[in-house]
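Below is one structure; the comments refer to it alone.
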Amino acid sequence: MDPASACQFVHLAGSDGGASGGTVTREEINKMPSRSALGITQTVAGVSSAGTGGGLSIRGARTNSTWVYIDGIKVRGSTALPKSAIEEVAVITGGIPASIGDATGGVVNIALRSASATYTGGLEVITSGFASGDKAIGLDRYGYNLIEGSLSGPIAFSKDADGKKLRPILGFFVSGNYTDIVDPNAAFGG
C-alpha cells in the first residue's frame with residue numbers, strides 16, 4: 001500500500017463519521033526520538049504500551065485486540081522495521097468500519113517508503129560508547145551502537161521515440177540497521 005492508499009485507509013474509516021484516530025507523517029517521524037513503528041504509534045492519542053510484553057493497547061483494550069497492517073497486509077508477530085523505512089503510520093482508535101474487520105481494540109497501518117525518481121540515501125550513526133575488553137568506554141556503561149541506512153532510486157525508465165528517458169517505471173528502496181550493545185545489563189554500582 002503506497003502512502004496515498006494509507007491516507008485513503010484512514011479516510012475510508014472516517015467516511016461514516018464515527019472513526020477516530022490519527023496519522024503520523026514522514027516529516028513528523030523524522031523529528032521523533034522513537035526508533036520503532038510501535039513507538040511512533042504511541043504518539044497518537046489513546047495508544048499506549050501494554051507493559052513488558054511490548055504490545056500496544058488502544059483505548060485500554062488488550063494487545064491481541066489491536067491489528068497491525070504493513071502496507072495493507074495483516075501482520076502477526078514482529079513489526080521491527082528500520083525508522084528510515086517508514087513513510088507513514090495511520091491509527092484508527094475507535095469506530096472501526098466493517099470493511100476492516102472485527103478488531104475490538106484498534107487498527108495500525110504502517111505504510112513503507114517506496115522507490116524514488118532520483119537516487120537518494122542516508123546514513124545515521126548513534127553511539128554511547130565502544131568496547132574496551134569486556135567493558136564499554138564512552139557516555140555510559142551500556143555501549144549502545146546503532147547504524148541505520150537507506151538507499152533509493154530508479155532502475156529502468158520509459159523512453160520516448162528518440163530514446164530519451166521520460167519517467168522511472170522500475171525502482172528500488174533498501175533500508176536496514178545494525179545494533180550492538182556492549183553490556184545490555186550494566187549494573188548500577190559497576
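Ordered as shown in the C-alpha cells, chains take letters A, B, and onward, while each chain numbers its residues from 1 and ligands are numbered from 1 in the order shown.
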To test your reading of the structure, identify every residue in segment 28-87 of chain A that backbone DSSP assigns to helix (DSSP H, G or I), and report it as a PDB file with all heavy atoms, in the first residue's frame.
ATOM      1  N   GLU A  28       6.974  14.202  10.422  1.00  0.00           N
ATOM      2  CA  GLU A  28       6.864  14.095  11.877  1.00  0.00           C
ATOM      3  C   GLU A  28       7.744  12.964  12.407  1.00  0.00           C
ATOM      4  O   GLU A  28       8.362  13.104  13.464  1.00  0.00           O
ATOM      5  CB  GLU A  28       5.408  13.865  12.269  1.00  0.00           C
ATOM      6  CG  GLU A  28       4.506  15.028  11.929  1.00  0.00           C
ATOM      7  CD  GLU A  28       3.023  14.695  12.001  1.00  0.00           C
ATOM      8  OE1 GLU A  28       2.642  13.537  11.748  1.00  0.00           O
ATOM      9  OE2 GLU A  28       2.254  15.614  12.306  1.00  0.00           O
ATOM     10  N   ILE A  29       7.793  11.843  11.688  1.00  0.00           N
ATOM     11  CA  ILE A  29       8.611  10.700  12.100  1.00  0.00           C
ATOM     12  C   ILE A  29      10.078  11.098  12.168  1.00  0.00           C
ATOM     13  O   ILE A  29      10.793  10.697  13.095  1.00  0.00           O
ATOM     14  CB  ILE A  29       8.395   9.508  11.138  1.00  0.00           C
ATOM     15  CG1 ILE A  29       6.978   8.955  11.299  1.00  0.00           C
ATOM     16  CG2 ILE A  29       9.432   8.414  11.357  1.00  0.00           C
ATOM     17  CD1 ILE A  29       6.568   7.955  10.238  1.00  0.00           C
ATOM     18  N   ASN A  30      10.560  11.903  11.210  1.00  0.00           N
ATOM     19  CA  ASN A  30      11.959  12.341  11.195  1.00  0.00           C
ATOM     20  C   ASN A  30      12.330  13.136  12.438  1.00  0.00           C
ATOM     21  O   ASN A  30      13.482  13.157  12.846  1.00  0.00           O
ATOM     22  CB  ASN A  30      12.255  13.177   9.955  1.00  0.00           C
ATOM     23  CG  ASN A  30      12.367  12.334   8.708  1.00  0.00           C
ATOM     24  OD1 ASN A  30      12.637  11.140   8.766  1.00  0.00           O
ATOM     25  ND2 ASN A  30      12.152  12.960   7.558  1.00  0.00           N
ATOM     26  N   LYS A  31      11.365  13.817  13.049  1.00  0.00           N
ATOM     27  CA  LYS A  31      11.626  14.662  14.218  1.00  0.00           C
ATOM     28  C   LYS A  31      11.490  13.908  15.539  1.00  0.00           C
ATOM     29  O   LYS A  31      11.794  14.469  16.587  1.00  0.00           O
ATOM     30  CB  LYS A  31      10.668  15.851  14.221  1.00  0.00           C
ATOM     31  CG  LYS A  31      10.861  16.764  13.027  1.00  0.00           C
ATOM     32  CD  LYS A  31       9.804  17.843  13.002  1.00  0.00           C
ATOM     33  CE  LYS A  31       9.917  18.671  11.735  1.00  0.00           C
ATOM     34  NZ  LYS A  31       8.837  19.648  11.631  1.00  0.00           N
ATOM     35  N   ALA A  37       8.345   1.394  14.960  1.00  0.00           N
ATOM     36  CA  ALA A  37       6.999   1.689  14.454  1.00  0.00           C
ATOM     37  C   ALA A  37       5.991   1.754  15.602  1.00  0.00           C
ATOM     38  O   ALA A  37       5.104   2.609  15.617  1.00  0.00           O
ATOM     39  CB  ALA A  37       6.582   0.634  13.442  1.00  0.00           C
ATOM     40  N   LEU A  38       6.126   0.865  16.576  1.00  0.00           N
ATOM     41  CA  LEU A  38       5.190   0.865  17.694  1.00  0.00           C
ATOM     42  C   LEU A  38       5.405   2.082  18.593  1.00  0.00           C
ATOM     43  O   LEU A  38       4.456   2.629  19.140  1.00  0.00           O
ATOM     44  CB  LEU A  38       5.301  -0.429  18.483  1.00  0.00           C
ATOM     45  CG  LEU A  38       4.956  -1.697  17.686  1.00  0.00           C
ATOM     46  CD1 LEU A  38       5.024  -2.929  18.565  1.00  0.00           C
ATOM     47  CD2 LEU A  38       3.603  -1.593  17.016  1.00  0.00           C
ATOM     48  N   GLY A  39       6.647   2.540  18.719  1.00  0.00           N
ATOM     49  CA  GLY A  39       6.922   3.758  19.475  1.00  0.00           C
ATOM     50  C   GLY A  39       6.305   4.973  18.804  1.00  0.00           C
ATOM     51  O   GLY A  39       5.775   5.865  19.464  1.00  0.00           O
ATOM     52  N   ILE A  40       6.366   5.012  17.492  1.00  0.00           N
ATOM     53  CA  ILE A  40       5.751   6.099  16.725  1.00  0.00           C
ATOM     54  C   ILE A  40       4.235   6.060  16.896  1.00  0.00           C
ATOM     55  O   ILE A  40       3.586   7.081  17.064  1.00  0.00           O
ATOM     56  CB  ILE A  40       6.150   6.011  15.244  1.00  0.00           C
ATOM     57  CG1 ILE A  40       7.655   6.266  15.095  1.00  0.00           C
ATOM     58  CG2 ILE A  40       5.348   6.978  14.383  1.00  0.00           C
ATOM     59  CD1 ILE A  40       8.227   5.871  13.764  1.00  0.00           C
ATOM     60  N   THR A  41       3.674   4.855  16.889  1.00  0.00           N
ATOM     61  CA  THR A  41       2.228   4.684  17.055  1.00  0.00           C
ATOM     62  C   THR A  41       1.754   5.227  18.397  1.00  0.00           C
ATOM     63  O   THR A  41       0.662   5.772  18.500  1.00  0.00           O
ATOM     64  CB  THR A  41       1.865   3.189  16.929  1.00  0.00           C
ATOM     65  OG1 THR A  41       2.335   2.707  15.672  1.00  0.00           O
ATOM     66  CG2 THR A  41       0.377   2.958  17.033  1.00  0.00           C
ATOM     67  N   GLY A  51       2.694  -2.706  29.041  1.00  0.00           N
ATOM     68  CA  GLY A  51       3.608  -3.361  29.970  1.00  0.00           C
ATOM     69  C   GLY A  51       4.865  -3.882  29.315  1.00  0.00           C
ATOM     70  O   GLY A  51       5.354  -3.358  28.329  1.00  0.00           O
ATOM     71  N   THR A  52       5.393  -4.961  29.878  1.00  0.00           N
ATOM     72  CA  THR A  52       6.673  -5.503  29.435  1.00  0.00           C
ATOM     73  C   THR A  52       6.550  -6.371  28.197  1.00  0.00           C
ATOM     74  O   THR A  52       7.545  -6.731  27.608  1.00  0.00           O
ATOM     75  CB  THR A  52       7.319  -6.337  30.552  1.00  0.00           C
ATOM     76  OG1 THR A  52       6.417  -7.387  30.905  1.00  0.00           O
ATOM     77  CG2 THR A  52       7.636  -5.480  31.765  1.00  0.00           C
ATOM     78  N   GLY A  53       5.357  -6.723  27.775  1.00  0.00           N
ATOM     79  CA  GLY A  53       5.178  -7.578  26.602  1.00  0.00           C
ATOM     80  C   GLY A  53       5.488  -6.892  25.294  1.00  0.00           C
ATOM     81  O   GLY A  53       5.681  -7.530  24.278  1.00  0.00           O
ATOM     82  N   THR A  63      -3.797  -6.307  24.123  1.00  0.00           N
ATOM     83  CA  THR A  63      -2.886  -6.190  22.988  1.00  0.00           C
ATOM     84  C   THR A  63      -3.317  -7.073  21.814  1.00  0.00           C
ATOM     85  O   THR A  63      -3.096  -6.710  20.663  1.00  0.00           O
ATOM     86  CB  THR A  63      -1.454  -6.554  23.389  1.00  0.00           C
ATOM     87  OG1 THR A  63      -1.431  -7.880  23.917  1.00  0.00           O
ATOM     88  CG2 THR A  63      -0.927  -5.582  24.426  1.00  0.00           C
ATOM     89  N   ASN A  64      -3.940  -8.208  22.073  1.00  0.00           N
ATOM     90  CA  ASN A  64      -4.372  -9.076  20.966  1.00  0.00           C
ATOM     91  C   ASN A  64      -5.620  -8.541  20.265  1.00  0.00           C
ATOM     92  O   ASN A  64      -6.069  -9.113  19.282  1.00  0.00           O
ATOM     93  CB  ASN A  64      -4.578 -10.515  21.430  1.00  0.00           C
ATOM     94  CG  ASN A  64      -5.659 -10.659  22.480  1.00  0.00           C
ATOM     95  OD1 ASN A  64      -6.246  -9.680  22.929  1.00  0.00           O
ATOM     96  ND2 ASN A  64      -5.904 -11.883  22.896  1.00  0.00           N
ATOM     97  N   SER A  65      -6.164  -7.433  20.742  1.00  0.00           N
ATOM     98  CA  SER A  65      -7.313  -6.793  20.098  1.00  0.00           C
ATOM     99  C   SER A  65      -6.879  -5.700  19.123  1.00  0.00           C
ATOM    100  O   SER A  65      -7.713  -5.080  18.479  1.00  0.00           O
ATOM    101  CB  SER A  65      -8.237  -6.174  21.151  1.00  0.00           C
ATOM    102  OG  SER A  65      -8.719  -7.167  22.029  1.00  0.00           O
ATOM    103  N   LYS A  83      13.542   2.734  11.149  1.00  0.00           N
ATOM    104  CA  LYS A  83      12.807   4.006  11.122  1.00  0.00           C
ATOM    105  C   LYS A  83      12.855   4.628   9.731  1.00  0.00           C
ATOM    106  O   LYS A  83      11.884   5.222   9.275  1.00  0.00           O
ATOM    107  CB  LYS A  83      13.404   4.951  12.164  1.00  0.00           C
ATOM    108  CG  LYS A  83      12.718   6.281  12.281  1.00  0.00           C
ATOM    109  CD  LYS A  83      13.369   7.117  13.368  1.00  0.00           C
ATOM    110  CE  LYS A  83      12.744   8.483  13.490  1.00  0.00           C
ATOM    111  NZ  LYS A  83      13.379   9.277  14.539  1.00  0.00           N
ATOM    112  N   SER A  84      13.973   4.454   9.033  1.00  0.00           N
ATOM    113  CA  SER A  84      14.128   5.057   7.714  1.00  0.00           C
ATOM    114  C   SER A  84      13.240   4.406   6.657  1.00  0.00           C
ATOM    115  O   SER A  84      13.089   4.930   5.563  1.00  0.00           O
ATOM    116  CB  SER A  84      15.587   4.984   7.267  1.00  0.00           C
ATOM    117  OG  SER A  84      16.027   3.639   7.207  1.00  0.00           O
ATOM    118  N   ALA A  85      12.632   3.261   6.966  1.00  0.00           N
ATOM    119  CA  ALA A  85      11.766   2.569   6.004  1.00  0.00           C
ATOM    120  C   ALA A  85      10.300   2.970   6.129  1.00  0.00           C
ATOM    121  O   ALA A  85       9.486   2.624   5.282  1.00  0.00           O
ATOM    122  CB  ALA A  85      11.886   1.059   6.180  1.00  0.00           C
TER     123      ALA A  85
END
Using backbone DSSP assignments, extract all strand (DSSP E) residues from segment 61-149 of chain A; output them as a PyMOL selection string. chain A and resi 66-70+73-75+86-94+106-112+120-127+129-132+135-138+144-149
What's the 10 Å shell around Ser132 of chain A, counting only C-alpha atoms, without same-chain residues fewer than 6 positions away, as a ChimeraX atom specification? /A:138,143,182
Residues near Asn185 of chain A, cut-off 9 Å, only C-alpha atoms, skip fewer than 2 positions along chain, as JSON, numbers by chain: {"A": [142, 183, 187]}
Give the answer as one residue: which of A:Pro168, A:Gly22, A:Leu151, A:Val75 has the shortest atom-to-atom distance to Leu123 of chain A, using only C-alpha atoms?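 Residue with the minimum atom-to-atom distance to Leu123 of chain A: A:Leu151.
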Computed interatomic separation between atom CA of Thr66 of chain A and atom CA of Pro184 of chain A (Å):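 Pair atom CA of Thr66 of chain A / atom CA of Pro184 of chain A returns 29.6 Å.
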Which residue, A:Leu139, A:Ser128, A:Gly171, A:Ser49, has the smallest gap to Ala61 of chain A when you use only C-alpha atoms?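 The answer is A:Ser49, which sits nearest to Ala61 of chain A.
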Would you compute the distance between atom CA of Ser116 of chain A and atom CA of Pro154 of chain A? Give it in Å to one decimal.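 Taking atom CA of Ser116 of chain A as the start and atom CA of Pro154 of chain A as the end point, the length is 6.4 Å.
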For Val68 of chain A: contacts at 12 Å, only C-alpha atoms, fewer than 3 positions along chain excluded, given as a VMD selection string: chain A and resid 37 to 38 41 55 to 58 63 to 65 71 to 80 89 to 92 100 103 105 to 111
Interatomic distance between atom CA of Thr43 of chain A and atom CA of Thr25 of chain A?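 Rounded to one decimal, the two atoms are 11.7 Å apart.
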My list of candidates is A:Ser150, A:Ser48, A:Ser36, A:Asn145. Which is closest to Gly122 of chain A when distances are computed with only C-alpha atoms?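 Of the candidates, the smallest distance to Gly122 of chain A is held by A:Ser150.
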Residues within 7 Å of Arg59 of chain A, only C-alpha atoms, excluding chain neighbours under 6 positions, as a list in words: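 Skipping anything fewer than 6 positions along the chain leaves Gly46, Val47, Thr93 and Gly105 of chain A.
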Counting only C-alpha atoms, the residue of A:Ile155, A:Leu112, A:Ala161, A:Ile147 that sits nearest Val125 of chain A: A:Ile147
